[in-house]
Amino acid sequence: MITYRVRQDNTSWSRYPKHFFAHSVNLRTVETSELAAIIQSNCSVKRSDVMAVLIELGETVQQLLADSHRVHIDGLGWLKLGITCDPCPPDRPFSPKMIRGLRVKFKPEAALMPEKPVFVELPKNP
């Protein structure tokens, strides 16, 4: 079940002012320890072993991304870094000071996406 709320775009610069859009809603966050417990209940690996692997996975992915690598995790998808920067006019040299930030971009594997998702609209404010 995929939950969402409907919101109206009231920004003045919008290409679609006053139009309504669905926005996904995360009902809660599943932390690493709970993820490890779920995985332990689904297979023969102990929770402590799963925790060790998940923690190392996070650290390893962070280092690989910092080294400008794209990371593929079978059954999950691809992770890579994206850069946000200010535009540089053609008559000026580019400067690293124009870079405003980094973000992690994720592309899920097709198998990760539900085939026939069920959508449920949540009320605006319960």
# chains A, B, ... in the order shown; residues from 1 in each chain; ligands from 1
>>> select_by_dssp(residues="range 47-121 of chain A", states="alpha helix (DSSP H)", output="list in words")
Arg47, Ser48, Asp49, Val50, Met51, Ala52, Val53, Leu54, Ile55, Glu56, Leu57, Gly58, Glu59, Thr60, Val61, Gln62, Gln63, Leu64, Leu65 and Ala66 of chain A
>>> closest_atom_pairs(of="range 70-119 of chain A", to="range 43-62 of chain A", cutoff="12 Å", atoms="only C-alpha atoms", output="Markdown table")
| residue | atom | partner | partner_atom | distance |
| --- | --- | --- | --- | --- |
| A:Arg70 | CA | A:Val61 | CA | 9.1 |
| A:Val71 | CA | A:Val61 | CA | 7.0 |
| A:His72 | CA | A:Val61 | CA | 9.6 |
| A:Ile73 | CA | A:Val61 | CA | 9.8 |
| A:Trp78 | CA | A:Val61 | CA | 10.7 |
| A:Leu79 | CA | A:Val61 | CA | 8.4 |
| A:Lys80 | CA | A:Val61 | CA | 9.5 |
| A:Leu81 | CA | A:Gln62 | CA | 10.1 |
| A:Arg103 | CA | A:Gln62 | CA | 11.9 |
| A:Val104 | CA | A:Gln62 | CA | 9.9 |
>>> write_last_selection(atoms="C-alpha atoms", output="compact mmCIF listing (two decimals), in the first residue's frame")
# COMPACT_ATOMS: atom_id res chain seq x y z
CA ARG A 70 28.47 4.55 -8.66
CA VAL A 71 27.30 1.69 -6.42
CA HIS A 72 24.97 -1.12 -7.55
CA ILE A 73 23.32 -3.31 -4.92
CA TRP A 78 22.03 2.12 -7.97
CA LEU A 79 23.40 4.95 -5.85
CA LYS A 80 25.48 7.84 -7.12
CA LEU A 81 26.26 11.43 -6.19
CA ARG A 103 22.92 14.80 -3.02
CA VAL A 104 22.66 11.04 -3.25
>>> residues_around(residues="Asp9 in chain A", least_positions_apart="3", cutoff="10 Å", atoms="only C-alpha atoms", output="ChimeraX atom specification")
/A:6,12-21
>>> write_last_selection(atoms="N, CA and C atoms", output="PDB file, in the first residue's frame")
ATOM      1  N   VAL A   6      -2.868  14.783  -1.102  1.00  0.00           N
ATOM      2  CA  VAL A   6      -3.020  15.672  -2.244  1.00  0.00           C
ATOM      3  C   VAL A   6      -2.740  17.092  -1.771  1.00  0.00           C
ATOM      4  N   SER A  12       4.328  30.853  -6.855  1.00  0.00           N
ATOM      5  CA  SER A  12       4.113  31.826  -7.931  1.00  0.00           C
ATOM      6  C   SER A  12       4.892  31.480  -9.197  1.00  0.00           C
ATOM      7  N   TRP A  13       5.975  30.719  -9.081  1.00  0.00           N
ATOM      8  CA  TRP A  13       6.807  30.405 -10.240  1.00  0.00           C
ATOM      9  C   TRP A  13       6.457  29.051 -10.876  1.00  0.00           C
ATOM     10  N   SER A  14       5.420  28.414 -10.398  1.00  0.00           N
ATOM     11  CA  SER A  14       5.070  27.080 -10.869  1.00  0.00           C
ATOM     12  C   SER A  14       4.642  27.070 -12.331  1.00  0.00           C
ATOM     13  N   ARG A  15       4.978  25.979 -13.009  1.00  0.00           N
ATOM     14  CA  ARG A  15       4.475  25.777 -14.375  1.00  0.00           C
ATOM     15  C   ARG A  15       3.004  25.391 -14.348  1.00  0.00           C
ATOM     16  N   TYR A  16       2.538  24.902 -13.201  1.00  0.00           N
ATOM     17  CA  TYR A  16       1.147  24.469 -13.051  1.00  0.00           C
ATOM     18  C   TYR A  16       0.528  25.078 -11.798  1.00  0.00           C
ATOM     19  N   PRO A  17       0.364  26.418 -11.765  1.00  0.00           N
ATOM     20  CA  PRO A  17      -0.178  27.044 -10.556  1.00  0.00           C
ATOM     21  C   PRO A  17      -1.599  26.570 -10.272  1.00  0.00           C
ATOM     22  N   LYS A  18      -1.873  26.396  -8.986  1.00  0.00           N
ATOM     23  CA  LYS A  18      -3.190  25.997  -8.475  1.00  0.00           C
ATOM     24  C   LYS A  18      -3.573  24.558  -8.829  1.00  0.00           C
ATOM     25  N   HIS A  19      -2.687  23.801  -9.486  1.00  0.00           N
ATOM     26  CA  HIS A  19      -2.972  22.406  -9.794  1.00  0.00           C
ATOM     27  C   HIS A  19      -2.725  21.561  -8.538  1.00  0.00           C
ATOM     28  N   PHE A  20      -3.367  20.409  -8.476  1.00  0.00           N
ATOM     29  CA  PHE A  20      -3.208  19.499  -7.352  1.00  0.00           C
ATOM     30  C   PHE A  20      -2.281  18.357  -7.747  1.00  0.00           C
ATOM     31  N   PHE A  21      -1.466  17.928  -6.782  1.00  0.00           N
ATOM     32  CA  PHE A  21      -0.506  16.864  -7.015  1.00  0.00           C
ATOM     33  C   PHE A  21      -0.503  15.903  -5.831  1.00  0.00           C
TER      34      PHE A  21
END
>>> closest_residue(among="A:Ile2, A:Val25, A:Thr11, A:Gly77", to="Ala110 in chain A", atoms="only C-alpha atoms")
A:Gly77
>>> closest_residue(among="A:Gly82, A:Pro123, A:Pro114, A:Pro93", to="Ala66 in chain A", atoms="only C-alpha atoms")
A:Gly82
>>> residues_around(residues="Thr3 in chain A", least_positions_apart="3", cutoff="12 Å", atoms="only C-alpha atoms", output="ChimeraX atom specification")
/A:6,22-28,117-124
>>> write_last_selection(atoms="N, CA, C and O atoms", output="mmCIF file, in the first residue's frame")
data_model
loop_
_atom_site.group_PDB
_atom_site.id
_atom_site.type_symbol
_atom_site.label_atom_id
_atom_site.label_comp_id
_atom_site.auth_asym_id
_atom_site.auth_seq_id
_atom_site.Cartn_x
_atom_site.Cartn_y
_atom_site.Cartn_z
ATOM 1 N N VAL A 6 -2.868 14.783 -1.102
ATOM 2 C CA VAL A 6 -3.020 15.672 -2.244
ATOM 3 C C VAL A 6 -2.740 17.092 -1.771
ATOM 4 O O VAL A 6 -3.269 17.539 -0.751
ATOM 5 N N ALA A 22 -0.283 14.632 -6.114
ATOM 6 C CA ALA A 22 -0.131 13.638 -5.054
ATOM 7 C C ALA A 22 1.311 13.651 -4.575
ATOM 8 O O ALA A 22 2.247 13.713 -5.378
ATOM 9 N N HIS A 23 1.489 13.611 -3.263
ATOM 10 C CA HIS A 23 2.816 13.546 -2.649
ATOM 11 C C HIS A 23 2.852 12.322 -1.752
ATOM 12 O O HIS A 23 1.967 12.147 -0.906
ATOM 13 N N SER A 24 3.857 11.487 -1.926
ATOM 14 C CA SER A 24 3.945 10.281 -1.111
ATOM 15 C C SER A 24 4.163 10.641 0.355
ATOM 16 O O SER A 24 4.780 11.666 0.672
ATOM 17 N N VAL A 25 3.653 9.808 1.229
ATOM 18 C CA VAL A 25 3.765 10.012 2.670
ATOM 19 C C VAL A 25 4.462 8.801 3.265
ATOM 20 O O VAL A 25 4.040 7.661 3.032
ATOM 21 N N ASN A 26 5.522 9.030 4.020
ATOM 22 C CA ASN A 26 6.200 7.956 4.740
ATOM 23 C C ASN A 26 5.524 7.816 6.092
ATOM 24 O O ASN A 26 5.492 8.776 6.873
ATOM 25 N N LEU A 27 4.979 6.661 6.373
ATOM 26 C CA LEU A 27 4.259 6.451 7.625
ATOM 27 C C LEU A 27 5.196 6.374 8.819
ATOM 28 O O LEU A 27 4.838 6.775 9.919
ATOM 29 N N ARG A 28 6.391 5.845 8.600
ATOM 30 C CA ARG A 28 7.390 5.783 9.662
ATOM 31 C C ARG A 28 8.733 5.450 9.049
ATOM 32 O O ARG A 28 8.815 5.100 7.875
ATOM 33 N N PRO A 117 0.730 -1.385 -7.650
ATOM 34 C CA PRO A 117 0.630 -0.738 -6.342
ATOM 35 C C PRO A 117 -0.805 -0.356 -6.007
ATOM 36 O O PRO A 117 -1.605 -0.038 -6.882
ATOM 37 N N VAL A 118 -1.116 -0.422 -4.719
ATOM 38 C CA VAL A 118 -2.409 0.021 -4.220
ATOM 39 C C VAL A 118 -2.169 1.378 -3.573
ATOM 40 O O VAL A 118 -1.333 1.528 -2.693
ATOM 41 N N PHE A 119 -2.905 2.391 -4.023
ATOM 42 C CA PHE A 119 -2.734 3.744 -3.514
ATOM 43 C C PHE A 119 -3.850 4.073 -2.542
ATOM 44 O O PHE A 119 -5.028 3.802 -2.816
ATOM 45 N N VAL A 120 -3.498 4.670 -1.406
ATOM 46 C CA VAL A 120 -4.456 5.042 -0.386
ATOM 47 C C VAL A 120 -4.223 6.496 -0.022
ATOM 48 O O VAL A 120 -3.125 6.869 0.396
ATOM 49 N N GLU A 121 -5.246 7.329 -0.172
ATOM 50 C CA GLU A 121 -5.117 8.747 0.170
ATOM 51 C C GLU A 121 -5.332 8.931 1.660
ATOM 52 O O GLU A 121 -6.289 8.417 2.244
ATOM 53 N N LEU A 122 -4.424 9.669 2.304
ATOM 54 C CA LEU A 122 -4.551 9.994 3.717
ATOM 55 C C LEU A 122 -5.262 11.334 3.849
ATOM 56 O O LEU A 122 -5.153 12.198 2.980
ATOM 57 N N PRO A 123 -5.964 11.527 4.957
ATOM 58 C CA PRO A 123 -6.598 12.832 5.172
ATOM 59 C C PRO A 123 -5.535 13.903 5.354
ATOM 60 O O PRO A 123 -4.400 13.610 5.718
ATOM 61 N N LYS A 124 -5.917 15.169 5.126
ATOM 62 C CA LYS A 124 -4.948 16.269 5.198
ATOM 63 C C LYS A 124 -4.259 16.324 6.544
ATOM 64 O O LYS A 124 -3.065 16.315 6.639
#
>>> closest_residue(among="A:Asp91, A:Asp67, A:Asp86, A:Asp74", to="Lys107 in chain A", atoms="only C-alpha atoms")
A:Asp74
>>> select_by_dssp(residues="chain A", states="strand (DSSP E or B)", output="ChimeraX atom specification")
/A:2-8,20-24,71-73,77-85,99-108,119-121
>>> write_last_selection(atoms="N, CA, C and O atoms", output="compact mmCIF listing (two decimals), in the first residue's frame")
# COMPACT_ATOMS: atom_id res chain seq x y z
N ILE A 2 0.66 2.13 -0.91
CA ILE A 2 1.43 3.37 -1.01
C ILE A 2 0.52 4.52 -0.59
O ILE A 2 -0.53 4.74 -1.19
N THR A 3 0.93 5.24 0.46
CA THR A 3 0.10 6.32 0.97
C THR A 3 0.53 7.65 0.39
O THR A 3 1.71 7.86 0.08
N TYR A 4 -0.45 8.54 0.24
CA TYR A 4 -0.17 9.87 -0.31
C TYR A 4 -1.17 10.89 0.22
O TYR A 4 -2.20 10.54 0.76
N ARG A 5 -0.80 12.14 0.06
CA ARG A 5 -1.69 13.26 0.34
C ARG A 5 -1.74 14.12 -0.90
O ARG A 5 -0.78 14.20 -1.66
N VAL A 6 -2.87 14.78 -1.10
CA VAL A 6 -3.02 15.67 -2.24
C VAL A 6 -2.74 17.09 -1.77
O VAL A 6 -3.27 17.54 -0.75
N ARG A 7 -1.88 17.78 -2.52
CA ARG A 7 -1.52 19.16 -2.18
C ARG A 7 -1.68 20.04 -3.41
O ARG A 7 -1.45 19.61 -4.54
N GLN A 8 -2.03 21.30 -3.15
CA GLN A 8 -2.16 22.27 -4.23
C GLN A 8 -0.86 23.03 -4.35
O GLN A 8 -0.27 23.44 -3.35
N PHE A 20 -3.37 20.41 -8.48
CA PHE A 20 -3.21 19.50 -7.35
C PHE A 20 -2.28 18.36 -7.75
O PHE A 20 -2.32 17.88 -8.88
N PHE A 21 -1.47 17.93 -6.78
CA PHE A 21 -0.51 16.86 -7.02
C PHE A 21 -0.50 15.90 -5.83
O PHE A 21 -0.68 16.32 -4.69
N ALA A 22 -0.28 14.63 -6.11
CA ALA A 22 -0.13 13.64 -5.05
C ALA A 22 1.31 13.65 -4.58
O ALA A 22 2.25 13.71 -5.38
N HIS A 23 1.49 13.61 -3.26
CA HIS A 23 2.82 13.55 -2.65
C HIS A 23 2.85 12.32 -1.75
O HIS A 23 1.97 12.15 -0.91
N SER A 24 3.86 11.49 -1.93
CA SER A 24 3.95 10.28 -1.11
C SER A 24 4.16 10.64 0.35
O SER A 24 4.78 11.67 0.67
N VAL A 71 27.41 2.95 -7.15
CA VAL A 71 27.30 1.69 -6.42
C VAL A 71 26.01 0.98 -6.83
O VAL A 71 24.93 1.57 -6.79
N HIS A 72 26.13 -0.30 -7.22
CA HIS A 72 24.97 -1.12 -7.55
C HIS A 72 24.83 -2.19 -6.48
O HIS A 72 25.77 -2.94 -6.20
N ILE A 73 23.63 -2.27 -5.89
CA ILE A 73 23.32 -3.31 -4.92
C ILE A 73 22.25 -4.19 -5.54
O ILE A 73 21.13 -3.73 -5.80
N GLY A 77 19.21 -1.47 -6.17
CA GLY A 77 19.34 -0.45 -7.21
C GLY A 77 20.71 0.19 -7.20
O GLY A 77 21.68 -0.36 -6.69
N TRP A 78 20.78 1.40 -7.78
CA TRP A 78 22.03 2.12 -7.97
C TRP A 78 22.03 3.40 -7.16
O TRP A 78 21.03 4.11 -7.09
N LEU A 79 23.18 3.71 -6.59
CA LEU A 79 23.40 4.95 -5.85
C LEU A 79 24.54 5.70 -6.50
O LEU A 79 25.54 5.10 -6.91
N LYS A 80 24.39 7.00 -6.61
CA LYS A 80 25.48 7.84 -7.12
C LYS A 80 25.29 9.24 -6.57
O LYS A 80 24.22 9.60 -6.07
N LEU A 81 26.34 10.06 -6.66
CA LEU A 81 26.26 11.43 -6.19
C LEU A 81 25.82 12.36 -7.31
O LEU A 81 26.18 12.15 -8.47
N GLY A 82 25.05 13.35 -6.96
CA GLY A 82 24.68 14.43 -7.87
C GLY A 82 25.19 15.74 -7.30
O GLY A 82 25.34 15.87 -6.08
N ILE A 83 25.47 16.69 -8.15
CA ILE A 83 26.00 17.99 -7.73
C ILE A 83 24.99 19.07 -8.05
O ILE A 83 24.41 19.09 -9.14
N THR A 84 24.79 19.98 -7.11
CA THR A 84 23.98 21.16 -7.34
C THR A 84 24.93 22.34 -7.44
O THR A 84 25.78 22.53 -6.55
N CYS A 85 24.83 23.10 -8.53
CA CYS A 85 25.75 24.23 -8.68
C CYS A 85 25.06 25.39 -9.40
O CYS A 85 24.03 25.22 -10.04
N ILE A 99 29.79 25.38 -6.77
CA ILE A 99 29.12 24.17 -6.32
C ILE A 99 28.45 24.46 -4.98
O ILE A 99 29.09 24.90 -4.03
N ARG A 100 27.14 24.22 -4.93
CA ARG A 100 26.37 24.52 -3.72
C ARG A 100 26.13 23.30 -2.84
O ARG A 100 25.85 23.43 -1.67
N GLY A 101 26.21 22.12 -3.41
CA GLY A 101 25.97 20.95 -2.57
C GLY A 101 25.96 19.65 -3.33
O GLY A 101 26.06 19.61 -4.55
N LEU A 102 25.86 18.59 -2.56
CA LEU A 102 25.80 17.24 -3.09
C LEU A 102 24.49 16.60 -2.66
O LEU A 102 23.91 16.97 -1.64
N ARG A 103 24.06 15.60 -3.41
CA ARG A 103 22.92 14.80 -3.02
C ARG A 103 23.18 13.38 -3.48
O ARG A 103 23.91 13.15 -4.44
N VAL A 104 22.57 12.43 -2.83
CA VAL A 104 22.66 11.04 -3.25
C VAL A 104 21.46 10.75 -4.12
O VAL A 104 20.31 10.99 -3.73
N LYS A 105 21.72 10.25 -5.31
CA LYS A 105 20.65 9.90 -6.25
C LYS A 105 20.51 8.38 -6.25
O LYS A 105 21.51 7.67 -6.28
N PHE A 106 19.28 7.92 -6.22
CA PHE A 106 18.99 6.49 -6.16
C PHE A 106 18.08 6.10 -7.31
O PHE A 106 17.07 6.75 -7.55
N LYS A 107 18.46 5.05 -8.02
CA LYS A 107 17.62 4.51 -9.08
C LYS A 107 17.31 3.06 -8.71
O LYS A 107 18.20 2.21 -8.71
N PRO A 108 16.06 2.77 -8.37
CA PRO A 108 15.73 1.41 -7.95
C PRO A 108 15.74 0.43 -9.12
O PRO A 108 15.50 0.82 -10.26
N PHE A 119 -2.91 2.39 -4.02
CA PHE A 119 -2.73 3.74 -3.51
C PHE A 119 -3.85 4.07 -2.54
O PHE A 119 -5.03 3.80 -2.82
N VAL A 120 -3.50 4.67 -1.41
CA VAL A 120 -4.46 5.04 -0.39
C VAL A 120 -4.22 6.50 -0.02
O VAL A 120 -3.12 6.87 0.40
N GLU A 121 -5.25 7.33 -0.17
CA GLU A 121 -5.12 8.75 0.17
C GLU A 121 -5.33 8.93 1.66
O GLU A 121 -6.29 8.42 2.24
>>> atom_distance(atom1="CA of Gly75 in chain A", atom2="CA of Lys116 in chain A")
18.2 Å
